[in-house]
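Okay, my_file.pdb now, which holds PDB, C-alpha atoms and all ligand atoms:
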```pdb
ATOM      1  CA  MET A1035     141.327  93.588  48.829
ATOM      2  CA  SER A1036     140.880  92.582  52.438
ATOM      3  CA  ARG A1037     143.595  92.936  55.038
ATOM      4  CA  ALA A1038     146.089  93.365  52.260
ATOM      5  CA  ILE A1039     145.650  97.128  52.546
ATOM      6  CA  GLU A1040     146.708  97.222  56.159
ATOM      7  CA  LEU A1041     149.576  94.833  55.593
ATOM      8  CA  MET A1042     150.715  96.745  52.596
ATOM      9  CA  ILE A1043     150.811 100.057  54.450
ATOM     10  CA  ARG A1044     152.780  98.446  57.249
ATOM     11  CA  MET A1045     155.100  96.828  54.783
ATOM     12  CA  HIS A1046     155.850 100.152  53.173
ATOM     13  CA  SER A1047     155.993 102.230  56.336
ATOM     14  CA  GLU A1048     159.170 104.132  57.016
ATOM     15  CA  LYS A1049     160.280 102.023  59.931
ATOM     16  CA  THR A1050     160.281  98.837  57.912
ATOM     17  CA  PRO A1051     163.587  98.098  56.263
ATOM     18  CA  SER A1052     163.179  97.846  52.541
ATOM     19  CA  MET A1053     163.281  94.345  51.147
ATOM     20  CA  GLN A1054     163.997  95.621  47.692
ATOM     21  CA  ARG A1055     167.312  96.652  46.292
ATOM     22  CA  GLY A1056     167.479 100.269  45.294
ATOM     23  CA  ARG A1057     164.561 102.598  45.819
ATOM     24  CA  ALA A1058     161.187 101.227  46.850
ATOM     25  CA  THR A1059     158.667 102.433  44.299
ATOM     26  CA  LEU A1060     155.662 102.259  46.571
ATOM     27  CA  THR A1061     156.415 104.079  49.820
ATOM     28  CA  GLY A1062     154.091 104.709  52.734
ATOM     29  CA  ASP A1063     153.784 108.337  51.633
ATOM     30  CA  VAL A1064     152.555 107.346  48.201
ATOM     31  CA  ILE A1065     149.936 105.009  49.659
ATOM     32  CA  LEU A1066     148.759 107.657  52.107
ATOM     33  CA  GLY A1067     148.578 110.153  49.247
ATOM     34  CA  VAL A1068     146.404 107.788  47.238
ATOM     35  CA  LEU A1069     144.190 107.216  50.273
ATOM     36  CA  GLY A1070     143.844 110.974  50.718
ATOM     37  CA  LYS A1071     142.808 111.397  47.091
ATOM     38  CA  LEU A1072     140.274 108.597  47.459
ATOM     39  CA  GLN A1073     138.913 110.195  50.613
ATOM     40  CA  HIS A1074     138.323 113.368  48.659
ATOM     41  CA  GLU A1075     136.708 111.778  45.627
ATOM     42  CA  HIS A1076     134.821 108.887  47.246
ATOM     43  CA  PRO A1077     134.276 109.826  50.892
ATOM     44  CA  VAL A1078     131.778 107.099  51.771
ATOM     45  CA  GLY A1079     133.573 104.229  50.075
ATOM     46  CA  SER A1080     136.954 105.203  51.412
ATOM     47  CA  ASP A1081     135.566 105.618  54.939
ATOM     48  CA  ALA A1082     133.944 102.198  54.576
ATOM     49  CA  MET A1083     137.310 100.754  53.628
ATOM     50  CA  MET A1084     139.146 102.546  56.438
ATOM     51  CA  TRP A1085     136.597 101.482  59.040
ATOM     52  CA  ARG A1086     136.481  97.898  57.911
ATOM     53  CA  TRP A1087     140.140  97.199  57.439
ATOM     54  CA  LEU A1088     141.927  99.728  59.628
ATOM     55  CA  ASN A1089     139.434 100.078  62.502
ATOM     56  CA  ASP A1090     139.415 103.824  61.935
ATOM     57  CA  MET A1091     136.991 105.273  64.488
ATOM     58  CA  TYR A1092     136.817 108.675  62.787
ATOM     59  CA  ALA A1093     135.747 106.964  59.590
ATOM     60  CA  PHE A1094     133.152 105.066  61.609
ATOM     61  CA  GLU A1095     131.725 108.298  63.038
ATOM     62  CA  ARG A1096     131.639 109.974  59.636
ATOM     63  CA  LEU A1097     129.818 106.981  58.159
ATOM     64  CA  GLN A1098     127.369 106.968  61.046
ATOM     65  CA  LYS A1099     126.521 110.604  60.410
ATOM     66  CA  LYS A1100     126.269 110.109  56.667
ATOM     67  CA  MET A1101     124.035 107.054  56.961
ATOM     68  CA  GLU A1102     121.694 108.802  59.375
ATOM     69  CA  GLU A1103     120.613 110.907  56.426
ATOM     70  CA  LEU A1104     118.875 107.776  55.157
ATOM     71  CA  ILE A1105     116.437 107.737  58.075
ATOM     72  CA  PRO A1106     113.045 108.783  56.721
ATOM     73  CA  GLU A1107     111.643 112.044  58.035
ATOM     74  CA  ASP A1108     108.477 110.378  59.276
ATOM     75  CA  ALA A1109     110.204 107.462  61.037
ATOM     76  CA  LYS A1110     108.512 106.775  64.367
ATOM     77  CA  ARG A1111     111.505 105.274  66.114
ATOM     78  CA  LYS A1112     114.398 107.451  65.044
ATOM     79  CA  ASP A1113     116.432 106.282  68.055
ATOM     80  CA  LEU A1114     116.142 102.666  66.918
ATOM     81  CA  CYS A1115     116.906 103.637  63.334
ATOM     82  CA  LYS A1116     120.196 105.137  64.535
ATOM     83  CA  HIS A1117     120.888 101.984  66.483
ATOM     84  CA  MET A1118     120.272  99.891  63.352
ATOM     85  CA  ILE A1119     122.786 101.983  61.439
ATOM     86  CA  THR A1120     125.427 101.339  64.081
ATOM     87  CA  LEU A1121     124.614  97.628  63.910
ATOM     88  CA  ALA A1122     124.872  97.627  60.118
ATOM     89  CA  LEU A1123     128.285  99.275  60.423
ATOM     90  CA  MET A1124     129.372  96.605  62.896
ATOM     91  CA  VAL A1125     128.128  93.785  60.682
ATOM     92  CA  PHE A1126     129.817  95.349  57.652
ATOM     93  CA  ALA A1127     133.166  95.482  59.441
ATOM     94  CA  GLU A1128     132.634  91.922  60.707
ATOM     95  CA  LYS A1129     132.581  92.954  64.333
ATOM     96  CA  PRO A1130     130.722  90.312  66.352
ATOM     97  CA  LEU A1131     127.279  91.197  67.712
ATOM     98  CA  GLU A1132     125.946  89.936  71.044
ATOM     99  CA  PRO A1133     124.770  86.439  69.940
ATOM    100  CA  GLN A1134     128.058  85.849  68.108
ATOM    101  CA  GLN A1135     130.033  87.134  71.078
ATOM    102  CA  ARG A1136     128.415  84.599  73.382
ATOM    103  CA  LYS A1137     129.282  81.717  71.086
ATOM    104  CA  LEU A1138     132.807  83.084  70.583
ATOM    105  CA  THR A1139     133.314  83.514  74.335
ATOM    106  CA  SER A1140     132.543  79.876  74.915
ATOM    107  CA  LEU A1141     134.903  78.861  72.104
ATOM    108  CA  TRP A1142     137.702  81.014  73.517
ATOM    109  CA  LYS A1143     137.091  79.522  76.945
ATOM    110  CA  ASN A1144     137.586  76.031  75.607
ATOM    111  CA  HIS A1145     139.872  76.254  72.617
ATOM    112  CA  SER A1146     142.681  78.699  73.141
ATOM    113  CA  GLU A1147     146.201  78.639  74.453
ATOM    114  CA  GLN A1148     145.025  80.639  77.468
ATOM    115  CA  ALA A1149     142.224  78.118  78.098
ATOM    116  CA  ARG A1150     144.642  75.198  78.034
ATOM    117  CA  ARG A1151     147.001  76.975  80.425
ATOM    118  CA  SER A1152     144.231  77.978  82.832
ATOM    119  CA  LYS A1153     142.724  74.516  82.815
ATOM    120  CA  ARG A1154     146.064  72.876  83.472
ATOM    121  CA  LEU A1155     146.615  75.167  86.463
ATOM    122  CA  MET A1156     143.127  74.582  87.845
ATOM    123  CA  ARG A1157     143.512  70.826  87.441
ATOM    124  CA  THR A1158     146.823  70.883  89.309
ATOM    125  CA  TRP A1159     145.368  72.877  92.208
ATOM    126  CA  GLN A1160     142.345  70.583  92.354
ATOM    127  CA  VAL A1161     144.599  67.523  92.608
ATOM    128  CA  GLN A1162     146.578  69.225  95.379
ATOM    129  CA  ILE A1163     143.333  70.011  97.215
ATOM    130  CA  ASN A1164     142.203  66.378  96.959
ATOM    131  CA  VAL A1165     145.506  65.118  98.359
ATOM    132  CA  MET A1166     145.462  67.604 101.233
ATOM    133  CA  GLU A1167     141.850  66.848 102.106
ATOM    134  CA  LYS A1168     142.820  63.217 102.643
ATOM    135  CA  GLN A1169     145.492  64.290 105.129
ATOM    136  CA  LEU A1170     143.081  66.360 107.228
ATOM    137  CA  ASP A1171     142.334  63.608 109.747
ATOM    138  CA  GLY A1172     145.825  63.708 111.241
ATOM    139  CA  ASP A1173     146.448  64.135 115.012
ATOM    140  CA  SER A1174     148.258  67.440 114.939
ATOM    141  CA  ALA A1175     145.912  70.422 115.242
ATOM    142  CA  PHE A1176     148.663  72.691 113.951
ATOM    143  CA  LYS A1177     149.176  70.589 110.839
ATOM    144  CA  THR A1178     145.413  70.469 110.211
ATOM    145  CA  ALA A1179     145.132  74.251 110.454
ATOM    146  CA  GLN A1180     147.998  74.587 107.979
ATOM    147  CA  LEU A1181     146.300  72.217 105.547
ATOM    148  CA  VAL A1182     142.955  74.021 105.848
ATOM    149  CA  ALA A1183     144.656  77.307 105.038
ATOM    150  CA  ALA A1184     146.497  75.781 102.059
ATOM    151  CA  ILE A1185     143.266  74.280 100.718
ATOM    152  CA  ALA A1186     141.391  77.576 101.071
ATOM    153  CA  LYS A1187     144.178  79.351  99.225
ATOM    154  CA  ARG A1188     144.029  76.946  96.304
ATOM    155  CA  LYS A1189     140.248  77.142  96.124
ATOM    156  CA  GLN A1190     140.544  80.907  95.810
ATOM    157  CA  TRP A1191     143.217  80.534  93.111
ATOM    158  CA  ILE A1192     140.831  78.336  91.121
ATOM    159  CA  VAL A1193     138.033  80.919  91.429
ATOM    160  CA  ASP A1194     140.392  83.702  90.366
ATOM    161  CA  GLU A1195     141.767  81.738  87.441
ATOM    162  CA  ARG A1196     138.268  80.889  86.196
ATOM    163  CA  GLN A1197     137.363  84.564  86.386
ATOM    164  CA  ARG A1198     140.525  85.523  84.532
ATOM    165  CA  LEU A1199     139.784  83.075  81.740
ATOM    166  CA  GLU A1200     136.203  84.352  81.496
ATOM    167  CA  GLU A1201     137.373  87.950  81.143
ATOM    168  CA  TYR A1202     140.009  87.000  78.613
ATOM    169  CA  ALA A1203     137.488  85.056  76.521
ATOM    170  CA  LYS A1204     134.975  87.902  76.597
ATOM    171  CA  ALA A1205     137.579  90.423  75.517
ATOM    172  CA  GLN A1206     138.752  88.183  72.666
ATOM    173  CA  ALA A1207     135.168  87.552  71.541
ATOM    174  CA  LYS A1208     134.645  91.261  70.972
ATOM    175  CA  LYS A1209     137.601  91.549  68.636
ATOM    176  CA  SER A1210     136.789  89.328  65.702
ATOM    177  CA  CYS A1211     134.375  86.723  64.376
ATOM    178  CA  GLN A1212     137.182  84.314  63.561
ATOM    179  CA  CYS A1213     136.732  80.885  65.130
ATOM    180  CA  PRO A1214     139.476  80.279  67.720
ATOM    181  CA  LYS A1215     139.115  76.510  67.571
ATOM    182  CA  CYS A1216     140.347  76.196  63.996
ATOM    183  CA  GLY A1217     141.975  79.617  63.695
ATOM    184  CA  GLY A1218     139.630  80.536  60.863
ATOM    185  CA  THR A1219     140.516  77.581  58.652
ATOM    186  CA  GLY A1220     137.251  75.695  59.167
ATOM    187  CA  VAL A1221     139.062  72.406  59.671
ATOM    188  CA  THR A1222     140.600  70.706  62.646
ATOM    189  CA  ARG A1223     142.965  67.747  62.584
ATOM    190  CA  VAL A1224     143.840  67.853  58.885
ATOM    191  CA  VAL A1225     140.456  67.196  57.319
ATOM    192  CA  ASP A1226     137.776  67.193  60.036
ATOM    193  CA  THR A1227     135.244  69.987  59.756
ATOM    194  CA  CYS A1228     135.583  72.284  62.758
ATOM    195  CA  SER A1229     132.693  71.815  65.165
ATOM    196  CA  GLY A1230     133.108  75.307  66.584
ATOM    197  CA  CYS A1231     132.149  77.140  63.421
ATOM    198  CA  GLY A1232     130.711  74.369  61.243
ATOM    199  CA  GLY A1233     133.564  74.724  58.796
ATOM    200  CA  SER A1234     133.030  78.366  57.927
ATOM    201  CA  GLY A1235     136.083  79.533  59.864
ATOM    202  CA  GLY A1236     134.123  82.168  61.759
ATOM    203  CA  VAL A1237     131.040  82.641  63.876
ATOM    204  CA  THR A1238     128.632  84.209  61.426
ATOM    205  CA  LEU A1239     125.509  86.162  62.148
ATOM    206  CA  LYS A1240     122.307  84.147  61.842
ATOM    207  CA  ALA A1241     119.244  85.561  60.107
ATOM    208  CA  ASP A1242     117.627  86.616  63.378
ATOM    209  CA  GLY A1243     120.948  87.702  64.933
ATOM    210  CA  VAL A1244     120.257  91.426  64.747
ATOM    211  CA  ARG A1245     116.890  91.054  66.501
ATOM    212  CA  LYS A1246     118.460  88.846  69.138
ATOM    213  CA  HIS A1247     121.142  91.443  69.679
ATOM    214  CA  LEU A1248     118.496  94.148  70.157
ATOM    215  CA  ARG A1249     116.612  91.953  72.603
ATOM    216  CA  GLN A1250     119.767  91.371  74.630
ATOM    217  CA  ALA A1251     120.493  95.090  74.586
ATOM    218  CA  GLY A1252     117.152  95.546  76.334
ATOM    219  CA  ILE A1253     115.258  96.763  73.286
ATOM    220  CA  SER A1254     112.523  94.169  73.176
ATOM    221  CA  GLN A1255     109.473  96.308  72.632
ATOM    222  CA  VAL A1256     109.883  96.529  68.863
ATOM    223  CA  SER A1257     106.613  95.671  67.215
ATOM    224  CA  ASP A1258     106.656  93.587  64.046
ATOM    225  CA  SER A1259     105.246  96.463  62.046
ATOM    226  CA  VAL A1260     107.972  98.921  63.132
ATOM    227  CA  TRP A1261     110.557  96.250  62.504
ATOM    228  CA  SER A1262     109.445  95.500  58.966
ATOM    229  CA  ARG A1263     108.457  99.048  58.018
ATOM    230  CA  GLU A1264     111.364 101.028  59.418
ATOM    231  CA  LEU A1265     114.229  98.946  60.706
ATOM    232  CA  GLU A1266     114.729  95.920  58.504
ATOM    233  CA  GLY A1267     114.811  97.855  55.249
ATOM    234  CA  LEU A1268     117.084 100.538  56.642
ATOM    235  CA  PHE A1269     119.521  97.940  57.918
ATOM    236  CA  GLU A1270     119.666  96.263  54.521
ATOM    237  CA  ARG A1271     120.018  99.541  52.643
ATOM    238  CA  VAL A1272     122.894 100.705  54.830
ATOM    239  CA  LEU A1273     124.693  97.380  54.684
ATOM    240  CA  MET A1274     124.293  96.981  50.925
ATOM    241  CA  GLY A1275     125.384 100.568  50.352
ATOM    242  CA  LEU A1276     128.510 100.092  52.440
ATOM    243  CA  CYS A1277     129.428  96.852  50.662
ATOM    244  CA  ARG A1278     128.911  98.407  47.239
ATOM    245  CA  GLU A1279     130.861 101.588  47.967
ATOM    246  CA  GLY A1280     133.590  99.741  49.850
ATOM    247  CA  ASP A1281     134.137  97.232  47.038
ATOM    248  CA  GLU A1282     134.131  99.899  44.388
ATOM    249  CA  VAL A1283     136.675 102.044  46.192
ATOM    250  CA  SER A1284     138.878  99.023  46.936
ATOM    251  CA  MET A1285     139.051  98.376  43.225
ATOM    252  CA  ILE A1286     139.821 102.003  42.394
ATOM    253  CA  PHE A1287     142.480 101.961  45.127
ATOM    254  CA  GLY A1288     144.142  98.966  43.505
ATOM    255  CA  VAL A1289     144.124 100.590  40.077
ATOM    256  CA  MET A1290     145.520 103.860  41.427
ATOM    257  CA  LEU A1291     148.356 102.064  43.183
ATOM    258  CA  CYS A1292     149.238 100.167  40.016
ATOM    259  CA  LEU A1293     149.342 103.471  38.179
ATOM    260  CA  GLU A1294     151.643 104.960  40.816
ATOM    261  CA  CYS A1295     153.936 101.968  40.423
ATOM    262  CA  SER A1296     154.116 102.223  36.675
ATOM    263  CA  GLN A1297     154.792 105.970  36.803
ATOM    264  CA  SER A1298     157.777 105.852  39.120
TER     265      SER A1298
HETATM  266 ZN    ZN B   1     136.242  76.720  63.558
END
```
Go ahead and render the structure in this file as C-alpha cells.
Ligand SMILES: [Zn+2]
Amino acid sequence: MSRAIELMIRMHSEKTPSMQRGRATLTGDVILGVLGKLQHEHPVGSDAMMWRWLNDMYAFERLQKKMEELIPEDAKRKDLCKHMITLALMVFAEKPLEPQQRKLTSLWKNHSEQARRSKRLMRTWQVQINVMEKQLDGDSAFKTAQLVAAIAKRKQWIVDERQRLEEYAKAQAKKSCQCPKCGGTGVTRVVDTCSGCGGSGGVTLKADGVRKHLRQAGISQVSDSVWSRELEGLFERVLMGLCREGDEVSMIFGVMLCLECSQS
C-alpha cells in the first residue's frame, strides 16, 4: 500500500483540480470516511498505517499507550521497556535511529545538491585565500591590512558554510532512511551498485542497531539478562504486531475503497 495512501488522499483533496471528466467517484471526503470507519473497527492497525505513512503524531501517541499494555507487570526496567516501544515504533515507520542517522549524515554531507553547492563555494574561497596570501609580501602596509582582513573574512565564510552543511545533513538524516547518493534506487551511474547503501536504496538498521542506539542515548548499563529477558522480546513483539495489524488494515482499506468506487 505504501505511500500510495498519502498520494491518493492528496490527489483527491478538494484543492486539486479533477483530472477526470464528470464527477470524481473517489473524493477526499469518501477516503476520510473510510479511514474513520477503519479507525473505529481496527484502531491499532489504522493508527499503525496513519503513523507510518502520514506521520500522524496523535496516532503515534495512541500506539505508544496501547503498546505499553504489553509490558509485563513484573518487568524490572519499565522505563527501558517504554523506550523500546518507542524505538519499535520508529523502526516500524522507517524513521532512522542514531547509528543510521550518523551514516545518513555523512552521505548527505557528500552526496547532495546542497553538498555540491557548499563545496563549490568553499573551494572558491580557498582559492581566493591562496591567491591573496601570495600577495601579502607587498610594500604597502595599507594593502597588506586589506588583504589580511579579506582573508580572515573568507576563512570565516568557510567555517560558517561547513557548519551550515553539517546542520543541513543532520536535519535531512532524521527525516528518512532513503540513501541520498542514489536517491533510493540502489544504483549509481546506470548499473553500478551504490556504495552508500550497498544497493538497498536505504540505510537499514543492522542487527545490533537498537543496542547501539541505546548506548549512544546514554543507556549503557543494560545487562545481558535484562536485555534478553525483557527488552529484546518486547521489541520484537511490538514490531511484529504493528507490521501484522498495519498490513491487514492496509488490505481492508484497499477493499473498502474498491467497494466505494463500485457503489457510486
Ligand atoms: Zn544508495
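Atom to atom, CA of Ser1152 (chain A) and CA of Asp1226 (chain A) stand 26.0 Å apart.
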Exercise. Taking the file as shown, what set of residues would the PyMOL selection byres (((not hetatm)) within 8 of (chain B and resi 1)) give back, as a VMD selection string?
Worked result: chain A and resid 1212 to 1222 1227 to 1237
For the residues in the current selection, export C-alpha atoms as a short mmCIF file (atom, residue, chain, number, x, y, z; two decimals), keeping the file's coordinate frame.
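Output contents, as saved in selection.cif:
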```
data_model
loop_
_atom_site.label_atom_id
_atom_site.label_comp_id
_atom_site.auth_asym_id
_atom_site.auth_seq_id
_atom_site.Cartn_x
_atom_site.Cartn_y
_atom_site.Cartn_z
CA GLN A 1212 137.18 84.31 63.56
CA CYS A 1213 136.73 80.89 65.13
CA PRO A 1214 139.48 80.28 67.72
CA LYS A 1215 139.12 76.51 67.57
CA CYS A 1216 140.35 76.20 64.00
CA GLY A 1217 141.98 79.62 63.70
CA GLY A 1218 139.63 80.54 60.86
CA THR A 1219 140.52 77.58 58.65
CA GLY A 1220 137.25 75.69 59.17
CA VAL A 1221 139.06 72.41 59.67
CA THR A 1222 140.60 70.71 62.65
CA THR A 1227 135.24 69.99 59.76
CA CYS A 1228 135.58 72.28 62.76
CA SER A 1229 132.69 71.82 65.17
CA GLY A 1230 133.11 75.31 66.58
CA CYS A 1231 132.15 77.14 63.42
CA GLY A 1232 130.71 74.37 61.24
CA GLY A 1233 133.56 74.72 58.80
CA SER A 1234 133.03 78.37 57.93
CA GLY A 1235 136.08 79.53 59.86
CA GLY A 1236 134.12 82.17 61.76
CA VAL A 1237 131.04 82.64 63.88
#
```
Problem set entry | Close residues, Pro1106 (chain A) itself excluded, 12 Å, only C-alpha atoms, min 2 positions apart in chain, as a PyMOL selection string | chain A and resi 1101-1104+1108-1112+1115-1116+1263-1265+1267-1268
List as a tab-separated table every residue of region 1207-1296 of chain A that is in contact with region 1077-1085 of chain A, defined as an atom at most 6 Å from one of its atoms (using all atoms listed in the file), together with the nearest atom pair and the distance in Å rounded to one decimal, sorted by chain and then rising number.
```
residue	atom	partner	partner_atom	distance
A:Glu1279	CA	A:Gly1079	CA	4.3
A:Gly1280	CA	A:Gly1079	CA	4.5
A:Val1283	CA	A:Gly1079	CA	5.4
```
Exercise. Which value, in Å to one decimal, gives the distance between CA of Met1290 (chain A) and CA of Gly1070 (chain A)?
Worked result: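 Computing the Euclidean distance for CA of Met1290 (chain A) and CA of Gly1070 (chain A) yields 11.8 Å.
You will find CA of Leu1138 (chain A) at 21.6 Å from CA of Val1193 (chain A).
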Problem set entry | Shell of 12 Å around Glu1270 (chain A), all atoms listed in the file, local chain residues under 6 positions omitted, as a PyMOL selection string | chain A and resi 1101+1104+1115+1118-1119+1121-1123+1125-1126+1244+1262+1264+1276-1278
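Considering the residues A:Ala1203, A:Val1225, A:Met1274, A:Val1260 and counting all atoms listed in the file, His1145 (chain A) has its shortest atom-to-atom contact with A:Ala1203.
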For this session: List the residues selected by the PyMOL selection byres (((chain A and resi 1286) around 12) and not hetatm) in the file shown, writing them as a list of chain:residue names.
Result: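 Applied to this file, the PyMOL selection byres (((chain A and resi 1286) around 12) and not hetatm) selects A:Met1035, A:Val1068, A:Leu1069, A:Lys1071, A:Leu1072, A:Gln1073, A:Glu1075, A:His1076, A:Gly1079, A:Ser1080, A:Met1083, A:Glu1279, A:Gly1280, A:Asp1281, A:Glu1282, A:Val1283, A:Ser1284, A:Met1285, A:Phe1287, A:Gly1288, A:Val1289, A:Met1290, A:Leu1291, A:Cys1292, A:Leu1293.
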Problem set entry | From A:Leu1170, A:Leu1088, A:Leu1060, A:Trp1142, residue lying nearest Ala1183 (chain A) [only C-alpha atoms] | A:Leu1170
For this session: Write out as a ChimeraX atom specification the residues lying within 12 Å of Trp1159 (chain A), counting only C-alpha atoms and excluding same-chain residues fewer than 5 positions away.
Result: /A:1152-1154,1164-1166,1184-1193,1195
Exercise. Looking at all atoms listed in the file, which of A:Val1064, A:Ala1093, A:Met1042, A:Leu1114 is the one that sits closest to Gly1252 (chain A)?
Worked result: A:Leu1114
When you write region 1231-1244 of chain A out from the block above, keep N, CA and C atoms and present the result as a PDB file, in the first residue's frame, please.
```
ATOM      1  N   CYS A1231      24.722   2.762   0.076  1.00  0.00           N
ATOM      2  CA  CYS A1231      23.738   1.909   0.762  1.00  0.00           C
ATOM      3  C   CYS A1231      23.936   0.442   0.407  1.00  0.00           C
ATOM      4  N   GLY A1232      24.942   0.129  -0.389  1.00  0.00           N
ATOM      5  CA  GLY A1232      25.180  -1.263  -0.771  1.00  0.00           C
ATOM      6  C   GLY A1232      24.108  -1.806  -1.699  1.00  0.00           C
ATOM      7  N   GLY A1233      23.407  -0.906  -2.361  1.00  0.00           N
ATOM      8  CA  GLY A1233      22.416  -1.352  -3.342  1.00  0.00           C
ATOM      9  C   GLY A1233      21.011  -1.523  -2.799  1.00  0.00           C
ATOM     10  N   SER A1234      20.843  -1.283  -1.492  1.00  0.00           N
ATOM     11  CA  SER A1234      19.499  -1.496  -0.939  1.00  0.00           C
ATOM     12  C   SER A1234      18.613  -0.256  -1.086  1.00  0.00           C
ATOM     13  N   GLY A1235      19.222   0.869  -1.423  1.00  0.00           N
ATOM     14  CA  GLY A1235      18.435   2.085  -1.625  1.00  0.00           C
ATOM     15  C   GLY A1235      18.205   2.874  -0.347  1.00  0.00           C
ATOM     16  N   GLY A1236      18.537   2.274   0.783  1.00  0.00           N
ATOM     17  CA  GLY A1236      18.341   2.977   2.058  1.00  0.00           C
ATOM     18  C   GLY A1236      19.346   2.503   3.080  1.00  0.00           C
ATOM     19  N   VAL A1237      19.500   3.285   4.148  1.00  0.00           N
ATOM     20  CA  VAL A1237      20.415   2.867   5.205  1.00  0.00           C
ATOM     21  C   VAL A1237      19.595   2.079   6.218  1.00  0.00           C
ATOM     22  N   THR A1238      19.773   0.761   6.180  1.00  0.00           N
ATOM     23  CA  THR A1238      18.933  -0.090   7.026  1.00  0.00           C
ATOM     24  C   THR A1238      19.557  -0.277   8.401  1.00  0.00           C
ATOM     25  N   LEU A1239      18.726  -0.741   9.299  1.00  0.00           N
ATOM     26  CA  LEU A1239      19.183  -0.953  10.670  1.00  0.00           C
ATOM     27  C   LEU A1239      19.881  -2.306  10.751  1.00  0.00           C
ATOM     28  N   LYS A1240      21.092  -2.293  11.316  1.00  0.00           N
ATOM     29  CA  LYS A1240      21.814  -3.568  11.475  1.00  0.00           C
ATOM     30  C   LYS A1240      21.266  -4.303  12.691  1.00  0.00           C
ATOM     31  N   ALA A1241      21.641  -5.577  12.816  1.00  0.00           N
ATOM     32  CA  ALA A1241      21.103  -6.404  13.891  1.00  0.00           C
ATOM     33  C   ALA A1241      21.334  -5.793  15.275  1.00  0.00           C
ATOM     34  N   ASP A1242      22.499  -5.181  15.464  1.00  0.00           N
ATOM     35  CA  ASP A1242      22.770  -4.616  16.798  1.00  0.00           C
ATOM     36  C   ASP A1242      22.455  -3.119  16.855  1.00  0.00           C
ATOM     37  N   GLY A1243      21.726  -2.626  15.842  1.00  0.00           N
ATOM     38  CA  GLY A1243      21.448  -1.187  15.745  1.00  0.00           C
ATOM     39  C   GLY A1243      20.690  -0.621  16.933  1.00  0.00           C
ATOM     40  N   VAL A1244      19.719  -1.387  17.437  1.00  0.00           N
ATOM     41  CA  VAL A1244      18.906  -0.882  18.542  1.00  0.00           C
ATOM     42  C   VAL A1244      19.765  -0.742  19.803  1.00  0.00           C
TER      43      VAL A1244
END
```
